[in-house]
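Some notes on the structure that comes next.
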Amino acid sequence: MIVKVNLPINAYEIKIERGILKKAKEELKLNRKVMIVTDDGVPPAYAQTLAAQCKDATLFVLKQGEESKNLDNFAAVEKALLENNFSRKDCVVALGGGVVGDLAGFAASCFMRGVDFYNIPTTVLSQVDSSVGGKTAVDFNGVKNIVGTFYQPKKVLIDPDVLDTLSDRQKSNGLVEAIKMAATFDAELFEVFEKTAKFEDLDIEYVIGKAISIKADVVEKDEKEAGLRKVLNFGHTLGHGIEASLQNTDKALLHGECVGLGMTVMCDEKIKERIEKILKMLNIPVTYSFDFDEAMNAVLHDKKLNGNTISTVYVSQIGTFELRDMTPEELSERMQLLLA
Ligand SMILES: NC(=O)c1ccc[n+]([C@@H]2O[C@H](COP(=O)([O-])OP(=O)(O)OC[C@H]3O[C@@H](n4cnc5c(N)ncnc54)[C@H](O)[C@@H]3O)[C@@H](O)[C@H]2O)c1
Ligand SMILES: [Zn+2]
């Protein structure tokens with residue numbers, strides 16, 4: 001399946017196909033210098049498969065984890081590009097999850113003011129969400145994604161086969177972002193998840209195709225997040241707060257797990273029940289124990305207050321959304337519901 005992102009200047013294709021990693025050479029221009037950025041949690045066989053198809057590949061392997069998404073590693077990639085004599089005609093390929101994609105994309109966008117960037121996402125989260133849209137970034141000074149660029153890839157290749165090696169928890173984590181898109185845009189897809197959200201029972205190619213089409217559509221309409229793109233933040237306002245409050249603790253949750261929690265209190269009661277039912281199938285908690293004040297602080301500091309309110313995405317009918325301005329008090333009441 002091919003999904004097109006029809007941007008006025010930087011249009012590109014996303015190709016979703018089992019086994020496509022083995023045929024990357026037919027899809028991407030690899031007869032030049034290619035910097036493959038990956039991490040040590042991605043099975044090395046994937047990078048080998050890709051490197052074997054390049055004329056001149058250089059491998060850059062990050063340590064896995066969000067901590068790697070930093071300026072030091074950004075500089076290290078730039079240095080590797082320089083030392084290996086990359087020119088403006090060469091390219092960077094991300095082969096990994098969102099961490100690799102965000103960092104490699106940022107590095108590609110800056111080297112010589114921009115070299116071709118391809119993304120081959122290998123986690124569910126990156127296959128349904130982060131590989132499309134052109135947001136690149138690193139974390140800086142304790143703030144997530146604060147230094148980065150908008151830089152669209154030249155092409156995205158999605159190979160569902162590489163998900164075989166991903167843990168169940170990571171699979172569920174990524175599916176939450178697809179459920180988010182279904183809840184706000186696609187009632188039919190949401191009903192698919194209601195029947196079964198178990199990864200092994202899903203037609204994952206169908207799910208990825210649907211989710212990525214929704215994302216592509218939103219990005220086409222609002223490339224640089226002036227308005228509509230905010231809808232992708234459904235569940236994220238309170239979710240981010242919880243995520244931040246648990247950071248570096250032994251109870252830390254993954255991003256998608258926090259978004260799942262956040263979604264359940266930004267919708268009508270009937271929908272809350274429906275979302276919770278899906279989360280339970282994914283073994284994602286629907287309440288959790290976290291430091292309430294710390295989580296609320298993160299929510300209120302993170303977001304720009306418009307006057308005294310925060311703009312949030314709210315769902316009162318599956319497949320649609322509205323933007324609602326909520327006061328800190330109202331957000332706090334909703335956050336309370338998530339405490340175990
Ligand atoms: N740019 C965007 O629009 C956007 C959107 C959402 C999230 N993000 C970013 O994405 C990041 C999260 O991405 P993620 O959830 O993919 O996490 P991740 O990149 O940390 O990957 C999760 C783990 O899975 C491992 N892994 C990757 N592929 C694997 C495979 N095929 N088999 C086995 N293990 C594999 C990785 O080594 C890592 O340990 C965050 O930094 C977030 O800010 C960006
Ligand atoms: Zn998210």
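As shown in the structure tokens, the chain order sets the letters A, B, ...; within each chain, residues go from 1, and ligands are also counted from 1 in the order they appear.
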Compile the contact shell of Ala252 (chain A) as a list in words: residues with an atom at most 12 Å away, counting only C-alpha atoms, same-chain residues fewer than 2 positions apart removed. Ile242, Glu243, Ala244, Ser245, Leu246, Gln247, Asn248, Thr249, Asp250, Leu254, His255, Gly256, Glu257, Cys258, Tyr288, Ser289, Phe290 and Asp291 of chain A
As a VMD selection string, please: the residues near region 227-231 of chain A (cut-off 10 Å, only C-alpha atoms, same-chain neighbours under 3 positions excluded). chain A and resid 133 180 to 181 184 to 185 215 217 to 224 234 to 236 311 to 314 320 to 323
Keeping only N, CA and C atoms, write those residues as an mmCIF file, in the first residue's frame.
data_model
loop_
_atom_site.group_PDB
_atom_site.id
_atom_site.type_symbol
_atom_site.label_atom_id
_atom_site.label_comp_id
_atom_site.auth_asym_id
_atom_site.auth_seq_id
_atom_site.Cartn_x
_atom_site.Cartn_y
_atom_site.Cartn_z
ATOM 1 N N GLY A 133 5.338 13.057 8.947
ATOM 2 C CA GLY A 133 4.967 14.387 9.439
ATOM 3 C C GLY A 133 6.119 15.362 9.501
ATOM 4 N N LYS A 180 -5.786 6.431 19.132
ATOM 5 C CA LYS A 180 -6.025 7.875 19.235
ATOM 6 C C LYS A 180 -6.537 8.437 17.904
ATOM 7 N N MET A 181 -5.903 8.032 16.818
ATOM 8 C CA MET A 181 -6.322 8.542 15.506
ATOM 9 C C MET A 181 -7.700 8.017 15.143
ATOM 10 N N THR A 184 -10.480 9.937 17.058
ATOM 11 C CA THR A 184 -10.733 11.314 16.628
ATOM 12 C C THR A 184 -11.155 11.421 15.158
ATOM 13 N N PHE A 185 -10.872 10.396 14.353
ATOM 14 C CA PHE A 185 -11.121 10.518 12.905
ATOM 15 C C PHE A 185 -11.853 9.365 12.246
ATOM 16 N N LYS A 215 -2.816 10.378 9.621
ATOM 17 C CA LYS A 215 -1.734 11.295 9.987
ATOM 18 C C LYS A 215 -1.315 12.120 8.771
ATOM 19 N N ASP A 217 -3.017 12.951 6.196
ATOM 20 C CA ASP A 217 -4.067 13.915 5.898
ATOM 21 C C ASP A 217 -3.971 15.147 6.801
ATOM 22 N N VAL A 218 -3.761 14.889 8.080
ATOM 23 C CA VAL A 218 -3.648 16.000 9.040
ATOM 24 C C VAL A 218 -2.420 16.842 8.709
ATOM 25 N N VAL A 219 -1.309 16.164 8.404
ATOM 26 C CA VAL A 219 -0.063 16.879 8.109
ATOM 27 C C VAL A 219 -0.201 17.708 6.824
ATOM 28 N N GLU A 220 -0.903 17.141 5.834
ATOM 29 C CA GLU A 220 -1.121 17.893 4.585
ATOM 30 C C GLU A 220 -1.863 19.191 4.853
ATOM 31 N N LYS A 221 -2.833 19.102 5.751
ATOM 32 C CA LYS A 221 -3.667 20.285 6.012
ATOM 33 C C LYS A 221 -2.972 21.276 6.933
ATOM 34 N N ASP A 222 -1.994 20.797 7.699
ATOM 35 C CA ASP A 222 -1.375 21.677 8.697
ATOM 36 C C ASP A 222 0.059 21.214 8.960
ATOM 37 N N GLU A 223 0.921 21.452 7.992
ATOM 38 C CA GLU A 223 2.281 20.918 8.065
ATOM 39 C C GLU A 223 3.016 21.368 9.321
ATOM 40 N N LYS A 224 2.835 22.631 9.697
ATOM 41 C CA LYS A 224 3.668 23.155 10.785
ATOM 42 C C LYS A 224 2.909 23.441 12.079
ATOM 43 N N PHE A 234 -4.647 14.432 21.225
ATOM 44 C CA PHE A 234 -5.693 13.810 22.043
ATOM 45 C C PHE A 234 -5.033 12.851 23.043
ATOM 46 N N GLY A 235 -5.368 13.038 24.313
ATOM 47 C CA GLY A 235 -4.799 12.186 25.360
ATOM 48 C C GLY A 235 -3.437 12.633 25.856
ATOM 49 N N HIS A 236 -2.836 13.578 25.143
ATOM 50 C CA HIS A 236 -1.457 13.948 25.457
ATOM 51 C C HIS A 236 -1.327 14.995 26.564
ATOM 52 N N SER A 311 -5.947 24.635 25.950
ATOM 53 C CA SER A 311 -6.728 24.088 24.858
ATOM 54 C C SER A 311 -6.492 22.575 24.790
ATOM 55 N N THR A 312 -7.571 21.809 24.852
ATOM 56 C CA THR A 312 -7.429 20.352 24.837
ATOM 57 C C THR A 312 -8.304 19.745 23.742
ATOM 58 N N VAL A 313 -7.984 18.519 23.391
ATOM 59 C CA VAL A 313 -8.778 17.794 22.392
ATOM 60 C C VAL A 313 -9.748 16.898 23.148
ATOM 61 N N TYR A 314 -11.027 17.005 22.791
ATOM 62 C CA TYR A 314 -12.069 16.282 23.513
ATOM 63 C C TYR A 314 -12.931 15.501 22.517
ATOM 64 N N THR A 320 -14.833 11.754 15.756
ATOM 65 C CA THR A 320 -14.838 13.226 15.658
ATOM 66 C C THR A 320 -14.126 13.799 16.884
ATOM 67 N N PHE A 321 -13.850 15.077 16.834
ATOM 68 C CA PHE A 321 -13.210 15.702 17.999
ATOM 69 C C PHE A 321 -13.632 17.155 18.082
ATOM 70 N N GLU A 322 -13.428 17.736 19.239
ATOM 71 C CA GLU A 322 -13.599 19.181 19.380
ATOM 72 C C GLU A 322 -12.458 19.723 20.223
ATOM 73 N N LEU A 323 -12.180 21.002 20.082
ATOM 74 C CA LEU A 323 -11.169 21.616 20.937
ATOM 75 C C LEU A 323 -11.899 22.292 22.095
#
Name the closest residue to Leu30 (chain A) among the candidates A:Lys135, A:Glu13, A:Asp116, A:Ser87; distances are taken between atoms, counting only C-alpha atoms. A:Asp116
Give me the residues near Ser316 (chain A) as a PyMOL selection string, where near means some atom within 8 Å (using only C-alpha atoms) and where sequence neighbours in that chain fewer than 6 positions away do not count. chain A and resi 267-268+271+322
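Closest approach to Ile20 (chain A) among A:Gly65, A:Gly209, A:Pro160, A:Gly98 is made by A:Pro160 (distances from only C-alpha atoms).
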What residues have any atom no more than 8 Å from ligand 1 when counting only C-alpha atoms and all ligand atoms, and can you list them as a PDB file with N, CA and C atoms, in the first residue's frame?
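Saved result, selection-v7.pdb, follows:
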ATOM      1  N   ASP A  39      19.727   1.885  16.560  1.00  0.00           N
ATOM      2  CA  ASP A  39      20.192   1.790  17.954  1.00  0.00           C
ATOM      3  C   ASP A  39      20.408   0.337  18.346  1.00  0.00           C
ATOM      4  N   ASP A  40      21.035   0.152  19.517  1.00  0.00           N
ATOM      5  CA  ASP A  40      21.470  -1.203  19.860  1.00  0.00           C
ATOM      6  C   ASP A  40      20.335  -2.098  20.361  1.00  0.00           C
ATOM      7  N   GLY A  41      19.096  -1.585  20.323  1.00  0.00           N
ATOM      8  CA  GLY A  41      17.954  -2.437  20.637  1.00  0.00           C
ATOM      9  C   GLY A  41      17.307  -2.980  19.374  1.00  0.00           C
ATOM     10  N   VAL A  42      17.634  -2.391  18.254  1.00  0.00           N
ATOM     11  CA  VAL A  42      17.107  -2.859  16.965  1.00  0.00           C
ATOM     12  C   VAL A  42      17.966  -4.039  16.528  1.00  0.00           C
ATOM     13  N   PRO A  43      17.359  -5.182  16.222  1.00  0.00           N
ATOM     14  CA  PRO A  43      18.183  -6.332  15.823  1.00  0.00           C
ATOM     15  C   PRO A  43      19.168  -5.939  14.715  1.00  0.00           C
ATOM     16  N   LYS A  63      22.917   4.202  21.593  1.00  0.00           N
ATOM     17  CA  LYS A  63      22.454   3.390  22.703  1.00  0.00           C
ATOM     18  C   LYS A  63      20.932   3.534  22.713  1.00  0.00           C
ATOM     19  N   GLN A  64      20.209   2.429  22.930  1.00  0.00           N
ATOM     20  CA  GLN A  64      18.751   2.537  22.880  1.00  0.00           C
ATOM     21  C   GLN A  64      18.215   3.367  24.042  1.00  0.00           C
ATOM     22  N   GLY A  65      17.085   4.008  23.816  1.00  0.00           N
ATOM     23  CA  GLY A  65      16.414   4.758  24.886  1.00  0.00           C
ATOM     24  C   GLY A  65      16.320   6.248  24.602  1.00  0.00           C
ATOM     25  N   GLU A  66      15.343   6.852  25.236  1.00  0.00           N
ATOM     26  CA  GLU A  66      15.067   8.281  25.044  1.00  0.00           C
ATOM     27  C   GLU A  66      16.278   9.162  25.386  1.00  0.00           C
ATOM     28  N   LYS A  69      18.408  10.748  22.733  1.00  0.00           N
ATOM     29  CA  LYS A  69      17.910  11.806  21.837  1.00  0.00           C
ATOM     30  C   LYS A  69      18.423  13.146  22.345  1.00  0.00           C
ATOM     31  N   LEU A  95      16.769   3.862  10.853  1.00  0.00           N
ATOM     32  CA  LEU A  95      16.282   2.487  10.928  1.00  0.00           C
ATOM     33  C   LEU A  95      16.082   2.167  12.414  1.00  0.00           C
ATOM     34  N   GLY A  96      14.888   2.456  12.909  1.00  0.00           N
ATOM     35  CA  GLY A  96      14.636   2.258  14.330  1.00  0.00           C
ATOM     36  C   GLY A  96      13.301   2.866  14.713  1.00  0.00           C
ATOM     37  N   GLY A  97      13.118   3.072  16.002  1.00  0.00           N
ATOM     38  CA  GLY A  97      11.879   3.662  16.494  1.00  0.00           C
ATOM     39  C   GLY A  97      11.915   5.186  16.407  1.00  0.00           C
ATOM     40  N   GLY A  98      11.044   5.808  17.162  1.00  0.00           N
ATOM     41  CA  GLY A  98      10.919   7.263  17.128  1.00  0.00           C
ATOM     42  C   GLY A  98      12.163   7.990  17.598  1.00  0.00           C
ATOM     43  N   VAL A  99      12.906   7.383  18.503  1.00  0.00           N
ATOM     44  CA  VAL A  99      14.123   8.022  18.995  1.00  0.00           C
ATOM     45  C   VAL A  99      15.125   8.179  17.852  1.00  0.00           C
ATOM     46  N   VAL A 100      15.351   7.090  17.146  1.00  0.00           N
ATOM     47  CA  VAL A 100      16.272   7.099  16.009  1.00  0.00           C
ATOM     48  C   VAL A 100      15.753   8.049  14.918  1.00  0.00           C
ATOM     49  N   GLY A 101      14.467   7.958  14.625  1.00  0.00           N
ATOM     50  CA  GLY A 101      13.876   8.781  13.567  1.00  0.00           C
ATOM     51  C   GLY A 101      13.993  10.266  13.858  1.00  0.00           C
ATOM     52  N   ASP A 102      13.677  10.652  15.085  1.00  0.00           N
ATOM     53  CA  ASP A 102      13.715  12.079  15.448  1.00  0.00           C
ATOM     54  C   ASP A 102      15.145  12.618  15.392  1.00  0.00           C
ATOM     55  N   PRO A 121      10.901   3.020   9.789  1.00  0.00           N
ATOM     56  CA  PRO A 121      10.541   2.840  11.200  1.00  0.00           C
ATOM     57  C   PRO A 121      10.406   1.368  11.570  1.00  0.00           C
ATOM     58  N   THR A 122      10.815   1.025  12.783  1.00  0.00           N
ATOM     59  CA  THR A 122      10.803  -0.396  13.174  1.00  0.00           C
ATOM     60  C   THR A 122      10.001  -0.678  14.448  1.00  0.00           C
ATOM     61  N   THR A 123       9.324   0.333  15.004  1.00  0.00           N
ATOM     62  CA  THR A 123       8.423   0.075  16.134  1.00  0.00           C
ATOM     63  C   THR A 123       6.999   0.377  15.665  1.00  0.00           C
ATOM     64  N   VAL A 124       6.019  -0.152  16.410  1.00  0.00           N
ATOM     65  CA  VAL A 124       4.626   0.146  16.035  1.00  0.00           C
ATOM     66  C   VAL A 124       4.408   1.655  16.125  1.00  0.00           C
ATOM     67  N   LEU A 125       4.902   2.248  17.204  1.00  0.00           N
ATOM     68  CA  LEU A 125       4.686   3.685  17.373  1.00  0.00           C
ATOM     69  C   LEU A 125       5.229   4.492  16.196  1.00  0.00           C
ATOM     70  N   SER A 126       6.424   4.154  15.767  1.00  0.00           N
ATOM     71  CA  SER A 126       6.994   4.918  14.655  1.00  0.00           C
ATOM     72  C   SER A 126       6.334   4.551  13.328  1.00  0.00           C
ATOM     73  N   ASP A 129       2.849   6.423  13.453  1.00  0.00           N
ATOM     74  CA  ASP A 129       2.791   7.830  13.840  1.00  0.00           C
ATOM     75  C   ASP A 129       4.059   8.621  13.519  1.00  0.00           C
ATOM     76  N   SER A 130       5.146   8.372  14.267  1.00  0.00           N
ATOM     77  CA  SER A 130       6.233   9.354  14.279  1.00  0.00           C
ATOM     78  C   SER A 130       7.041   9.441  12.986  1.00  0.00           C
ATOM     79  N   SER A 131       7.002   8.408  12.136  1.00  0.00           N
ATOM     80  CA  SER A 131       7.832   8.449  10.922  1.00  0.00           C
ATOM     81  C   SER A 131       7.260   9.384   9.863  1.00  0.00           C
ATOM     82  N   VAL A 132       6.019   9.796  10.060  1.00  0.00           N
ATOM     83  CA  VAL A 132       5.382  10.667   9.077  1.00  0.00           C
ATOM     84  C   VAL A 132       5.080  12.024   9.697  1.00  0.00           C
ATOM     85  N   GLY A 133       5.338  13.057   8.947  1.00  0.00           N
ATOM     86  CA  GLY A 133       4.967  14.387   9.439  1.00  0.00           C
ATOM     87  C   GLY A 133       6.119  15.362   9.501  1.00  0.00           C
ATOM     88  N   GLY A 134       7.338  14.845   9.513  1.00  0.00           N
ATOM     89  CA  GLY A 134       8.471  15.752   9.389  1.00  0.00           C
ATOM     90  C   GLY A 134       8.893  16.487  10.644  1.00  0.00           C
ATOM     91  N   LYS A 135       8.385  16.047  11.796  1.00  0.00           N
ATOM     92  CA  LYS A 135       8.889  16.693  13.017  1.00  0.00           C
ATOM     93  C   LYS A 135      10.162  15.975  13.440  1.00  0.00           C
ATOM     94  N   THR A 136      11.251  16.710  13.576  1.00  0.00           N
ATOM     95  CA  THR A 136      12.498  16.117  14.055  1.00  0.00           C
ATOM     96  C   THR A 136      12.892  16.860  15.317  1.00  0.00           C
ATOM     97  N   ALA A 137      13.613  16.210  16.209  1.00  0.00           N
ATOM     98  CA  ALA A 137      13.994  16.911  17.442  1.00  0.00           C
ATOM     99  C   ALA A 137      14.937  16.102  18.310  1.00  0.00           C
ATOM    100  N   VAL A 138      15.573  16.813  19.226  1.00  0.00           N
ATOM    101  CA  VAL A 138      16.225  16.178  20.369  1.00  0.00           C
ATOM    102  C   VAL A 138      15.694  16.838  21.637  1.00  0.00           C
ATOM    103  N   LYS A 144      11.580  17.816  26.612  1.00  0.00           N
ATOM    104  CA  LYS A 144      11.452  16.893  25.466  1.00  0.00           C
ATOM    105  C   LYS A 144      11.238  17.635  24.158  1.00  0.00           C
ATOM    106  N   ASN A 145      11.913  17.179  23.124  1.00  0.00           N
ATOM    107  CA  ASN A 145      11.679  17.669  21.756  1.00  0.00           C
ATOM    108  C   ASN A 145      11.770  19.183  21.608  1.00  0.00           C
ATOM    109  N   VAL A 162       9.266  -6.434  10.461  1.00  0.00           N
ATOM    110  CA  VAL A 162      10.304  -6.147  11.471  1.00  0.00           C
ATOM    111  C   VAL A 162       9.703  -6.042  12.878  1.00  0.00           C
ATOM    112  N   LEU A 163       8.371  -5.967  12.955  1.00  0.00           N
ATOM    113  CA  LEU A 163       7.741  -5.862  14.283  1.00  0.00           C
ATOM    114  C   LEU A 163       7.760  -7.201  15.022  1.00  0.00           C
ATOM    115  N   ASP A 164       8.083  -8.278  14.313  1.00  0.00           N
ATOM    116  CA  ASP A 164       8.105  -9.605  14.947  1.00  0.00           C
ATOM    117  C   ASP A 164       9.000  -9.645  16.181  1.00  0.00           C
ATOM    118  N   THR A 165      10.071  -8.848  16.165  1.00  0.00           N
ATOM    119  CA  THR A 165      11.038  -8.916  17.255  1.00  0.00           C
ATOM    120  C   THR A 165      10.732  -7.934  18.393  1.00  0.00           C
ATOM    121  N   LEU A 166       9.654  -7.180  18.245  1.00  0.00           N
ATOM    122  CA  LEU A 166       9.318  -6.162  19.243  1.00  0.00           C
ATOM    123  C   LEU A 166       8.561  -6.796  20.417  1.00  0.00           C
ATOM    124  N   SER A 167       8.785  -6.292  21.628  1.00  0.00           N
ATOM    125  CA  SER A 167       8.102  -6.865  22.792  1.00  0.00           C
ATOM    126  C   SER A 167       6.609  -6.533  22.745  1.00  0.00           C
ATOM    127  N   GLN A 170       5.846  -3.007  23.924  1.00  0.00           N
ATOM    128  CA  GLN A 170       6.116  -1.979  22.909  1.00  0.00           C
ATOM    129  C   GLN A 170       5.048  -1.993  21.814  1.00  0.00           C
ATOM    130  N   ASN A 173       1.998  -0.311  23.294  1.00  0.00           N
ATOM    131  CA  ASN A 173       2.330   1.109  23.436  1.00  0.00           C
ATOM    132  C   ASN A 173       2.098   1.856  22.124  1.00  0.00           C
ATOM    133  N   GLY A 174       2.568   1.278  21.043  1.00  0.00           N
ATOM    134  CA  GLY A 174       2.425   1.935  19.749  1.00  0.00           C
ATOM    135  C   GLY A 174       0.992   1.958  19.245  1.00  0.00           C
ATOM    136  N   LEU A 254       5.513   3.939  29.493  1.00  0.00           N
ATOM    137  CA  LEU A 254       5.869   4.344  28.135  1.00  0.00           C
ATOM    138  C   LEU A 254       4.905   5.438  27.676  1.00  0.00           C
ATOM    139  N   HIS A 255       5.351   6.182  26.674  1.00  0.00           N
ATOM    140  CA  HIS A 255       4.567   7.309  26.170  1.00  0.00           C
ATOM    141  C   HIS A 255       3.123   6.916  25.818  1.00  0.00           C
ATOM    142  N   GLY A 256       2.977   5.867  25.032  1.00  0.00           N
ATOM    143  CA  GLY A 256       1.642   5.452  24.596  1.00  0.00           C
ATOM    144  C   GLY A 256       0.769   5.049  25.778  1.00  0.00           C
TER     145      GLY A 256
END
Assign secondary structure with DSSP using the backbone only, and return the residues of region 81-320 of chain A in strand (DSSP E or B) as a PyMOL selection string. chain A and resi 91-96+116-121+135-140+143-150+155-158+267+288+306+309-315
Using only C-alpha atoms, pick whichever of A:Phe86, A:Tyr12, A:Phe60, A:Phe193 has the shortest atom-to-atom distance to Tyr118 (chain A).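 For Tyr118 (chain A), the nearest of the given residues is A:Tyr12.
When CA of Tyr151 (chain A) is paired with CA of Ser109 (chain A), their separation reads 6.0 Å.
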